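Listing of my_file-v4.txt, compact mmCIF, C-alpha atoms
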# COMPACT_ATOMS: atom_id res chain seq x y z
CA MET A 1 -11.57 -32.35 5.99
CA THR A 2 -12.44 -29.27 4.00
CA MET A 3 -11.73 -26.95 6.92
CA PHE A 4 -8.35 -28.60 7.37
CA ASP A 5 -7.52 -27.97 3.73
CA LEU A 6 -8.51 -24.34 3.94
CA SER A 7 -6.55 -23.68 7.12
CA THR A 8 -3.45 -25.36 5.70
CA MET A 9 -3.76 -23.29 2.53
CA ALA A 10 -4.17 -20.12 4.61
CA THR A 11 -0.98 -20.98 6.49
CA VAL A 12 0.91 -21.41 3.22
CA MET A 13 -0.43 -18.06 1.98
CA ILE A 14 0.72 -16.38 5.18
CA ALA A 15 4.20 -17.74 4.50
CA VAL A 16 4.04 -16.38 0.94
CA LEU A 17 2.93 -12.95 2.18
CA ALA A 18 6.03 -12.73 4.38
CA LEU A 19 7.92 -11.98 1.14
CA SER A 20 5.66 -8.97 0.57
CA LEU A 21 6.29 -7.80 4.12
CA ALA A 22 10.04 -8.06 3.55
CA LEU A 23 9.89 -6.09 0.28
CA ALA A 24 7.78 -3.30 1.79
CA ALA A 25 10.07 -3.14 4.83
CA TYR A 26 13.05 -2.86 2.49
CA ARG A 27 11.46 0.14 0.82
CA MET A 28 10.67 1.69 4.18
CA LEU A 29 14.28 1.33 5.34
CA LYS A 30 15.88 2.32 2.03
CA GLY A 31 13.47 4.86 0.56
CA PRO A 32 15.27 8.12 -0.23
CA GLY A 33 12.50 10.50 0.77
CA TYR A 34 9.74 10.73 3.35
CA ALA A 35 7.06 10.05 0.73
CA ASP A 36 8.67 6.70 -0.11
CA ARG A 37 8.46 5.64 3.52
CA ILE A 38 4.81 6.68 3.75
CA VAL A 39 4.00 4.66 0.62
CA ALA A 40 5.82 1.71 2.18
CA LEU A 41 3.72 2.14 5.34
CA ASP A 42 0.59 2.06 3.18
CA MET A 43 1.71 -1.17 1.52
CA LEU A 44 2.72 -2.67 4.86
CA THR A 45 -0.71 -2.00 6.35
CA ALA A 46 -2.45 -3.53 3.32
CA VAL A 47 -0.37 -6.67 3.81
CA VAL A 48 -1.22 -6.66 7.52
CA VAL A 49 -4.97 -6.48 6.80
CA SER A 50 -4.79 -9.50 4.50
CA LEU A 51 -2.52 -11.33 6.96
CA SER A 52 -5.07 -10.90 9.73
CA ALA A 53 -7.86 -12.11 7.44
CA LEU A 54 -5.80 -15.19 6.56
CA THR A 55 -5.03 -15.75 10.23
CA SER A 56 -8.74 -15.75 11.03
CA LEU A 57 -9.12 -18.45 8.39
CA ALA A 58 -6.13 -20.46 9.65
CA THR A 59 -7.10 -20.41 13.31
CA GLY A 60 -10.88 -20.29 13.00
CA ARG A 61 -11.20 -17.22 15.24
CA SER A 62 -13.32 -14.46 13.69
CA ALA A 63 -11.83 -11.79 15.96
CA PHE A 64 -8.86 -11.44 13.63
CA LEU A 65 -11.16 -9.86 11.02
CA ASP A 66 -11.83 -7.07 13.53
CA VAL A 67 -8.08 -6.60 13.81
CA GLY A 68 -7.97 -6.14 10.03
CA LEU A 69 -10.74 -3.54 10.12
CA GLY A 70 -8.89 -1.63 12.82
CA ALA A 71 -5.66 -1.72 10.83
CA ALA A 72 -7.47 -0.37 7.75
CA LEU A 73 -8.95 2.51 9.79
CA ILE A 74 -5.56 3.39 11.29
CA ASN A 75 -4.01 3.22 7.80
CA PHE A 76 -6.34 5.87 6.43
CA ALA A 77 -5.91 8.21 9.40
CA SER A 78 -2.13 7.87 9.46
CA THR A 79 -1.75 8.39 5.71
CA CYS A 80 -3.84 11.57 5.86
CA ALA A 81 -1.86 12.83 8.86
CA PHE A 82 1.51 12.11 7.21
CA ALA A 83 0.39 13.78 3.97
CA ALA A 84 -0.62 16.90 5.91
CA PHE A 85 2.73 16.78 7.68
CA LEU A 86 4.58 16.60 4.37
CA GLU A 87 2.71 19.60 2.94
CA ARG A 88 3.18 21.70 6.06
CA ARG A 89 6.87 20.80 6.27
CA ARG A 90 7.38 22.14 2.75
CA GLY A 91 5.56 25.35 3.67
CA SER A 92 7.90 26.02 6.60
CA GLN A 93 11.01 26.06 4.44
CA MET B 1 -17.17 -27.90 -2.71
CA THR B 2 -17.84 -25.12 -5.19
CA ARG B 3 -17.61 -22.70 -2.31
CA LEU B 4 -14.20 -24.04 -1.38
CA LEU B 5 -13.01 -23.71 -4.98
CA VAL B 6 -14.23 -20.13 -5.28
CA ALA B 7 -12.60 -19.21 -1.96
CA THR B 8 -9.33 -20.79 -3.08
CA VAL B 9 -9.34 -18.86 -6.35
CA LEU B 10 -10.12 -15.56 -4.58
CA LEU B 11 -7.41 -16.07 -1.96
CA GLY B 12 -4.82 -17.07 -4.55
CA ALA B 13 -5.61 -14.11 -6.79
CA GLY B 14 -5.40 -11.76 -3.82
CA VAL B 15 -2.03 -13.11 -2.70
CA VAL B 16 -0.68 -12.82 -6.27
CA PHE B 17 -1.90 -9.20 -6.49
CA ILE B 18 -0.29 -8.29 -3.16
CA THR B 19 3.00 -9.94 -4.14
CA ILE B 20 3.09 -8.03 -7.44
CA ALA B 21 2.27 -4.79 -5.62
CA SER B 22 5.09 -5.27 -3.12
CA ILE B 23 7.57 -6.09 -5.89
CA GLY B 24 6.50 -2.85 -7.56
CA VAL B 25 6.94 -0.90 -4.33
CA ALA B 26 10.43 -2.29 -3.96
CA ARG B 27 11.60 -1.93 -7.55
CA LEU B 28 9.92 1.05 -9.28
CA PRO B 29 12.17 4.13 -9.51
CA ASP B 30 9.92 6.94 -8.33
CA VAL B 31 7.50 7.85 -5.53
CA PHE B 32 4.52 8.22 -7.83
CA GLN B 33 5.11 4.92 -9.60
CA ARG B 34 5.52 3.18 -6.25
CA MET B 35 2.25 4.73 -5.15
CA HIS B 36 0.64 3.49 -8.36
CA ALA B 37 1.70 -0.05 -7.49
CA ALA B 38 0.88 0.08 -3.79
CA THR B 39 -2.54 1.69 -3.98
CA LYS B 40 -4.25 -0.07 -6.85
CA ALA B 41 -2.80 -3.56 -6.79
CA GLY B 42 -2.49 -3.59 -3.00
CA GLY B 43 -6.07 -2.48 -2.45
CA ILE B 44 -7.50 -4.96 -4.94
CA GLY B 45 -5.37 -7.78 -3.50
CA THR B 46 -6.41 -7.08 0.07
CA SER B 47 -10.07 -6.84 -0.91
CA LEU B 48 -9.84 -10.15 -2.76
CA VAL B 49 -8.23 -11.87 0.24
CA VAL B 50 -10.90 -10.59 2.66
CA LEU B 51 -13.63 -11.57 0.18
CA GLY B 52 -12.12 -15.05 -0.08
CA VAL B 53 -12.16 -15.42 3.71
CA LEU B 54 -15.83 -14.36 3.71
CA VAL B 55 -16.72 -16.82 0.94
CA ALA B 56 -14.92 -19.64 2.76
CA GLY B 57 -17.47 -19.37 5.58
CA GLY B 58 -17.10 -20.00 9.27
CA VAL B 59 -16.96 -16.29 10.07
CA ALA B 60 -19.08 -15.26 13.03
CA ARG B 61 -19.68 -11.67 11.88
CA PRO B 62 -19.41 -11.34 8.09
CA LEU B 63 -20.38 -7.66 8.30
CA THR B 64 -16.89 -6.88 9.60
CA GLY B 65 -15.30 -8.21 6.43
CA VAL B 66 -17.79 -6.38 4.21
CA LEU B 67 -17.03 -3.16 6.10
CA THR B 68 -13.30 -3.74 5.68
CA ILE B 69 -13.63 -4.19 1.91
CA ALA B 70 -15.88 -1.14 1.52
CA PHE B 71 -13.66 1.02 3.70
CA MET B 72 -10.46 0.04 1.91
CA LEU B 73 -11.95 0.58 -1.56
CA LEU B 74 -13.35 3.96 -0.52
CA THR B 75 -10.40 5.38 1.38
CA LEU B 76 -7.32 4.08 -0.46
CA SER B 77 -7.95 6.37 -3.43
CA VAL B 78 -8.53 9.40 -1.22
CA ALA B 79 -5.43 8.71 0.86
CA SER B 80 -3.24 8.15 -2.19
CA GLN B 81 -4.49 11.37 -3.79
CA LEU B 82 -3.62 13.33 -0.65
CA LEU B 83 -0.22 11.66 -0.45
CA ALA B 84 0.55 12.25 -4.15
CA ARG B 85 -0.31 15.92 -3.81
CA ALA B 86 1.88 16.24 -0.73
CA ALA B 87 4.76 14.40 -2.41
CA TYR B 88 4.51 16.60 -5.51
CA LEU B 89 4.41 19.78 -3.46
CA SER B 90 7.32 18.69 -1.30
CA GLY B 91 9.48 18.31 -4.41
CA ALA B 92 9.87 14.56 -4.78
CA PRO B 93 11.86 13.61 -7.90
CA ILE B 94 9.90 12.40 -10.94
CA GLU B 95 11.41 9.88 -13.34
CA GLY B 96 10.65 9.37 -17.00
CA LEU B 97 8.79 12.53 -18.00
CA ASP B 98 8.84 12.94 -21.80
CA ARG B 99 7.21 16.31 -22.34
CA GLY B 100 7.90 18.13 -19.12
CA ASP B 101 5.66 18.61 -16.12
CA PRO B 102 2.01 19.38 -16.98
CA LEU B 103 1.43 20.76 -13.47
CA ALA B 104 4.39 23.15 -13.67
CA GLY B 105 2.34 26.36 -13.66
CA VAL B 106 -0.62 25.04 -11.67
CA LEU B 107 0.96 24.06 -8.36
CA ASP B 108 4.09 25.75 -7.13
CA ARG B 109 6.77 23.21 -6.43
CA PRO B 110 10.20 24.04 -5.04
CA ALA B 111 12.33 22.56 -7.80
CA ALA B 112 15.52 24.16 -6.50
CA ASP B 113 14.93 23.00 -2.94
CA THR B 114 14.59 19.32 -3.73
CA THR B 115 18.24 18.54 -3.15
CA GLN B 116 18.16 20.08 0.32
CA ALA B 117 14.73 18.83 1.27
CA ARG B 118 15.73 15.19 1.08
CA PRO B 119 17.94 13.46 3.62
CA ALA B 120 21.49 12.44 2.86
CA GLY B 121 22.22 9.45 0.69
CA ALA B 122 19.77 10.39 -2.07
CA GLU B 123 22.24 11.84 -4.55
CA SER B 124 21.36 9.36 -7.28
CA ASP B 125 17.96 10.93 -7.91
CA THR B 126 18.97 14.56 -8.19
CA SER B 127 19.90 14.48 -11.87
CA VAL B 128 16.32 14.47 -13.13
CA SER B 129 15.12 17.32 -10.93
CA SER B 130 18.11 19.49 -11.77
CA LYS B 131 17.56 18.76 -15.45
CA ARG B 132 13.94 19.81 -15.12
CA ALA B 133 14.84 22.97 -13.27
CA SER B 134 17.19 24.16 -16.00
Rendering of file as structure tokens:
Amino acid sequence: MTMFDLSTMATVMIAVLALSLALAAYRMLKGPGYADRIVALDMLTAVVVSLSALTSLATGRSAFLDVGLGAALINFASTCAFAAFLERRRGSQ
Amino acid sequence: MTRLLVATVLLGAGVVFITIASIGVARLPDVFQRMHAATKAGGIGTSLVVLGVLVAGGVARPLTGVLTIAFMLLTLSVASQLLARAAYLSGAPIEGLDRGDPLAGVLDRPAADTTQARPAGAESDTSVSSKRAS
């Protein structure tokens, strides 16, 4: 009974987090500069990590937590790479 | 039962934090303010959600969740500092500065090139940078 309650609640929270995904995707599509899009990517990956954690709670499969850890690792590497790209791009002008 | 309650509170607080962070990313006027919303509130919200999943139990390897929380708390600040430096150096517009730019003589920033460095369709933000350059 308790597991059913938790998985139902996790499903509702996944539906709520879809709003956050939509807002971050709006900023990524609209954002006037490259830095805005990189910030939106950062936010999008944070939402994805929590979505995968909630999915592991909703389905009872612990492997989704590993997906979240992988997304967090890729987030750090990609943000550092894009920041280096932004600095170097300014230097070439 | 207490465990279920604590997990529910942690998950709800995390989802509220993430929602506020994404509203800030969508609505704040400036790259640095958007970064302020995304990094701090987003990192805390994600950590709270993962912690709530760990507290709820039923996870085969809890070390993965602990590693995720530690990694996010350690690296989000470093990544946002790198990104803020790169955005400042690349001449992103800054809104709402009262007393000028404190970093004006410290880091060289192409104030005149900001209008050309950004893609088309960004004409609404150029007033502040041109005002600062004058």
Please check which residues have atoms at most 12 Å from (-16.5, -5.6, 3.4) in the file's coordinates, counting all atoms listed in the file, and write them as a compact mmCIF listing (two decimals) with C-alpha atoms, in the frame of the given file.
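Wrote it out as selection.txt, contents follow:
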# COMPACT_ATOMS: atom_id res chain seq x y z
CA ALA A 53 -7.86 -12.11 7.44
CA LEU A 65 -11.16 -9.86 11.02
CA ASP A 66 -11.83 -7.07 13.53
CA GLY A 68 -7.97 -6.14 10.03
CA LEU A 69 -10.74 -3.54 10.12
CA ALA A 72 -7.47 -0.37 7.75
CA THR B 46 -6.41 -7.08 0.07
CA SER B 47 -10.07 -6.84 -0.91
CA LEU B 48 -9.84 -10.15 -2.76
CA VAL B 49 -8.23 -11.87 0.24
CA VAL B 50 -10.90 -10.59 2.66
CA LEU B 51 -13.63 -11.57 0.18
CA GLY B 52 -12.12 -15.05 -0.08
CA VAL B 53 -12.16 -15.42 3.71
CA LEU B 54 -15.83 -14.36 3.71
CA VAL B 55 -16.72 -16.82 0.94
CA ARG B 61 -19.68 -11.67 11.88
CA PRO B 62 -19.41 -11.34 8.09
CA LEU B 63 -20.38 -7.66 8.30
CA THR B 64 -16.89 -6.88 9.60
CA GLY B 65 -15.30 -8.21 6.43
CA VAL B 66 -17.79 -6.38 4.21
CA LEU B 67 -17.03 -3.16 6.10
CA THR B 68 -13.30 -3.74 5.68
CA ILE B 69 -13.63 -4.19 1.91
CA ALA B 70 -15.88 -1.14 1.52
CA PHE B 71 -13.66 1.02 3.70
CA MET B 72 -10.46 0.04 1.91
CA LEU B 73 -11.95 0.58 -1.56
CA LEU B 74 -13.35 3.96 -0.52
ask   = Using only C-alpha atoms, which residue out of B:Thr75, B:Gln33, B:Thr8, B:Thr39 lies closest to Ala10 (chain A)?
value = B:Thr8
Kindly provide the residues of chain A that approach chain B to within 6 Å, each paired with its closest atom pair and their distance in Å to one decimal, based on only C-alpha atoms, listed by chain and increasing number, as a tab-separated table.
residue	atom	partner	partner_atom	distance
A:Ser20	CA	B:Ser22	CA	5.3
A:Leu23	CA	B:Ala26	CA	5.7
A:Ala24	CA	B:Ser22	CA	5.9
A:Arg27	CA	B:Ala26	CA	5.5
A:Pro32	CA	B:Ala122	CA	5.4
A:Gly33	CA	B:Arg118	CA	5.7
A:Ala35	CA	B:Ala87	CA	5.8
A:Asp36	CA	B:Val31	CA	5.7
A:Met43	CA	B:Ala38	CA	5.5
A:Ser50	CA	B:Thr46	CA	5.3
A:Ala53	CA	B:Val50	CA	5.9
A:Ser62	CA	B:Val59	CA	5.5
A:Leu69	CA	B:Thr68	CA	5.1
A:Cys80	CA	B:Ala79	CA	6.0
A:Ala83	CA	B:Leu83	CA	4.9
A:Leu86	CA	B:Ala86	CA	5.8
A:Glu87	CA	B:Ala86	CA	5.0
A:Arg90	CA	B:Ser90	CA	5.3
Calculate, to one decimal in Å, the centre and edge lengths of the box along x, y and z of the file that holds all listed atoms of region 61-69 of chain B with 4 Å of margin on each side, and present them as lines of an AutoDock Vina configuration file.
center_x = -16.8
center_y = -7.4
center_z = 6.9
size_x = 15.1
size_y = 16.5
size_z = 18.0
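Note that CA of Ser52 (chain A) and CA of Ser7 (chain A) are 13.1 Å apart.
Between CA of Asp42 (chain A) and CA of Ala25 (chain A) there is a distance of 10.9 Å.
Distances from A:Ala63, A:Ala77, A:Leu6, A:Leu41 to Tyr26 (chain A) were compared using only C-alpha atoms, and the smallest one belongs to A:Leu41.
The space separating CA of Thr45 (chain A) from CA of Asn75 (chain A) comes to 6.3 Å.
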message = Show me, as a PyMOL selection string, the residues that have an atom within 8 Å of Ile14 (chain A) when counting only C-alpha atoms, minus same-chain residues fewer than 2 positions from it.
response = chain A and resi 10-12+16-18+51+54-55
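Candidate residues A:Ala40, A:Thr8, A:Val48, A:Phe76 were compared for distance to Gly60 (chain A), and the nearest is A:Thr8, using all atoms listed in the file.
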